[in-house]
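Read through the structure below, which is laid out as structure tokens, and then see the notes.
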Amino acid sequence: MSRDRLPLHVVGTLVQHWGTLRTRAKIALGLTSAPILLPYRGLATDDLVRFSGRVIEDEKVVHARPTRSPWRNLWRSFRRYETDEIRKAAVSWRGFGLSGRTLTTREGFFSVEIPRGDIPAAHAPGDAPWAEIALRLEGAPGYRFAPIDGHALVRCVSPKAGIAVISDIDDTIVETSAQHFFRHLRTVALNSAEGRVAFPGIATFYRALAAGRVGGETNPVFYVSSSPWNLHELFTEFLDRQGIPAGPMMLKDFGITPTQWLTGGHRGHKLGAIEALLAAYPRLGFVLIGDTGQSDAEIYAETVRRHPGRIVSVHLRDVSPKGLKSAVASALDAIRGAGVTVTTSPTLEGAAEACERLGLVAPGTHRAMLAEIEAGVSAATASRESVSGSH
């Protein structure tokens, strides 16, 4: 073991031992809360079907009633991160003509992979964009509760799909100021999913990408973010409320382990998730969407370099008021040099224009997005003038 990894290994091991002792003490003293089953959206590829989820103690935060109170939202954010995971919980599943049972890990996660060859032909994924897996939380050591039913949705990809979309979340579809720690903390911790608003025009643009040339949800959208799994429910509720296409999310585990501090590396996580998606859907071209605030440009340039011909276009929301950093500018030059269409614009309207020109979205998408952006600017201006006039 290298010398620089020793402190992390020691601290991570101590944290895990403390978690084990704490859980045992809570069970012994009868201080546990009821479990809750949190399914995540899965995906179906040519080789397998994968779905996952988590079992934690219910802190009355998930699906809590909306509140405008910043302090209550701050408390909920703390409870959302300070989860009590339930290990070795038994979760049974049923779907695609099959059934099975799995156990949660130390961090409360469970994951199931079904080889496509095991799925009966009559139950194989079809053209419908989503298939449902029935889940049941049957029991967990030290916890007494009636079985809890739920379901996981699996994204199936039609043979008619022409492209797939990989999108960032923070500062790409919703403002979080991820590049500024304290502004990010204030934005994320003091607001609920109901209090967050998507950038104007995003819903129209993403629905057009999902519809492609066929319509509906033909083209899959995947969300890759360095945000922790603790925010999964917030993100899914946000997408649903804003009318943005649903899609499987690739988030990160939050915590200290023998191999990572809190959420681990941003670049490695995103590159790994993108690599996995490109390998899972080898016949599809990909559209990559992110922002200029963190490392998206460099990550996407590396993806273009590794996978010639697989990336159709790259689009970045420009969140750099002082101008692009040299690393971002160099990455954009590398993407252009590879012959891949790339845009940067504060509202992603440049992305809509490019995608319409490339035939990836329906004619009129750019015009519709511009109209929404202008309406959003007008509404924001009117709101500021109203507040100013009231003083």
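By order in the structure tokens, chains are A, B, ...; within a chain, residues start at 1; ligands start at 1, following the order shown.
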Counting only C-alpha atoms, what is within 9 Å of A:Thr204, bar same-chain residues fewer than 5 positions away, as a ChimeraX atom specification?
-> /A:209,243-244,365,368-369,372
Output N, CA and C atoms for every residue in that selection, as a compact mmCIF listing (two decimals), in the first residue's frame.
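Result written to selection17.txt:
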```txt
# COMPACT_ATOMS: atom_id res chain seq x y z
N LEU A 209 -34.96 16.51 -28.26
CA LEU A 209 -33.88 15.54 -28.41
C LEU A 209 -34.39 14.12 -28.18
N GLY A 243 -41.11 18.95 -16.59
CA GLY A 243 -41.43 18.39 -17.89
C GLY A 243 -40.21 18.03 -18.71
N ILE A 244 -39.09 17.76 -18.02
CA ILE A 244 -37.85 17.35 -18.70
C ILE A 244 -37.84 15.83 -18.76
N THR A 365 -37.66 23.76 -33.40
CA THR A 365 -37.24 23.61 -32.00
C THR A 365 -36.46 24.83 -31.53
N ALA A 368 -38.82 27.75 -30.96
CA ALA A 368 -39.63 27.56 -29.76
C ALA A 368 -38.80 27.79 -28.50
N MET A 369 -37.55 27.35 -28.53
CA MET A 369 -36.70 27.54 -27.36
C MET A 369 -36.41 29.03 -27.16
N GLU A 372 -39.28 30.74 -25.48
CA GLU A 372 -39.34 30.47 -24.04
C GLU A 372 -38.29 31.25 -23.28
```
Which neighbours of A:Pro125 fall inside 9 Å, counting only C-alpha atoms, when residues of the same chain fewer than 6 positions from it are skipped, and could you give them as a ChimeraX atom specification?
-> /A:44,96,131,156-158
For A:Ala338, find every residue with an atom within 10 Å (counting only C-alpha atoms), except residues of its own chain fewer than 3 positions away, and show them as a short mmCIF file (atom, residue, chain, number, x, y, z; two decimals) with N, CA and C atoms, in the first residue's frame.
```cif
data_model
loop_
_atom_site.label_atom_id
_atom_site.label_comp_id
_atom_site.auth_asym_id
_atom_site.auth_seq_id
_atom_site.Cartn_x
_atom_site.Cartn_y
_atom_site.Cartn_z
N ALA A 301 -13.90 16.24 -24.32
CA ALA A 301 -12.82 16.19 -25.31
C ALA A 301 -12.10 14.85 -25.24
N VAL A 304 -14.31 12.27 -26.92
CA VAL A 304 -14.21 12.38 -28.39
C VAL A 304 -12.92 11.73 -28.88
N ARG A 305 -11.83 11.97 -28.16
CA ARG A 305 -10.54 11.40 -28.56
C ARG A 305 -10.55 9.88 -28.50
N PRO A 308 -13.60 7.90 -31.68
CA PRO A 308 -13.81 8.59 -32.95
C PRO A 308 -15.10 8.13 -33.63
N GLY A 309 -15.89 9.09 -34.07
CA GLY A 309 -17.11 8.78 -34.81
C GLY A 309 -18.32 8.49 -33.95
N ILE A 311 -19.34 10.42 -31.16
CA ILE A 311 -19.95 11.62 -30.60
C ILE A 311 -20.45 12.51 -31.74
N LEU A 332 -12.29 22.68 -26.17
CA LEU A 332 -13.22 22.98 -27.25
C LEU A 332 -12.52 22.93 -28.60
N ASP A 333 -11.29 23.45 -28.64
CA ASP A 333 -10.51 23.39 -29.89
C ASP A 333 -10.25 21.94 -30.30
N ALA A 334 -9.97 21.09 -29.31
CA ALA A 334 -9.69 19.68 -29.61
C ALA A 334 -10.94 18.99 -30.16
N ILE A 335 -12.10 19.33 -29.60
CA ILE A 335 -13.35 18.73 -30.08
C ILE A 335 -13.62 19.17 -31.52
N THR A 341 -19.24 18.80 -34.02
CA THR A 341 -19.92 20.06 -33.77
C THR A 341 -19.92 20.37 -32.29
#
```
Contacts of A:Ala161 at 6 Å (only C-alpha atoms; same-chain gap of 2+ positions) as a PDB file with N, CA and C atoms, in the first residue's frame:
```pdb
ATOM      1  N   SER A 158     -35.527   1.646 -28.051  1.00  0.00           N
ATOM      2  CA  SER A 158     -36.131   1.133 -29.270  1.00  0.00           C
ATOM      3  C   SER A 158     -35.095   1.021 -30.387  1.00  0.00           C
ATOM      4  N   PRO A 159     -35.258   0.033 -31.284  1.00  0.00           N
ATOM      5  CA  PRO A 159     -34.391  -0.027 -32.473  1.00  0.00           C
ATOM      6  C   PRO A 159     -34.513   1.221 -33.336  1.00  0.00           C
ATOM      7  N   ILE A 163     -30.096   8.471 -31.636  1.00  0.00           N
ATOM      8  CA  ILE A 163     -29.018   8.973 -30.796  1.00  0.00           C
ATOM      9  C   ILE A 163     -29.354   8.700 -29.335  1.00  0.00           C
ATOM     10  N   THR A 218     -38.283   8.318 -28.008  1.00  0.00           N
ATOM     11  CA  THR A 218     -37.513   7.335 -28.772  1.00  0.00           C
ATOM     12  C   THR A 218     -36.038   7.336 -28.395  1.00  0.00           C
ATOM     13  N   ASN A 219     -35.434   8.510 -28.270  1.00  0.00           N
ATOM     14  CA  ASN A 219     -34.013   8.607 -27.934  1.00  0.00           C
ATOM     15  C   ASN A 219     -33.828   8.703 -26.421  1.00  0.00           C
TER      16      ASN A 219
END
```
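The neighbours of stretch 119-124 of chain A here are the residues that come within 8 Å of it, using only C-alpha atoms and leaving out any residue fewer than 5 positions away in the same chain; they are Phe96, Gly97, Leu98 and Ile114 of chain A.
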Any idea what's packed within 12 Å of A:Ala273, counting only C-alpha atoms, ignoring anything in its chain fewer than 5 positions away? Could you give it as a ChimeraX atom specification?
-> /A:166-168,222-226,248-252,266-268,278-280,299-300,303
Name the residues of stretch 117-246 of chain A that fall into strand (DSSP E or B) according to DSSP on the backbone, using the chain letters and numbers of this document, as a PyMOL selection string.
-> chain A and resi 130-140+143+148-155+163-167+170+174+198+221-228
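Each of A:Ala128, A:Ala371, A:Gly53, A:Arg116 was compared to A:Leu103 using only C-alpha atoms, and A:Gly53 turns out to be the nearest.
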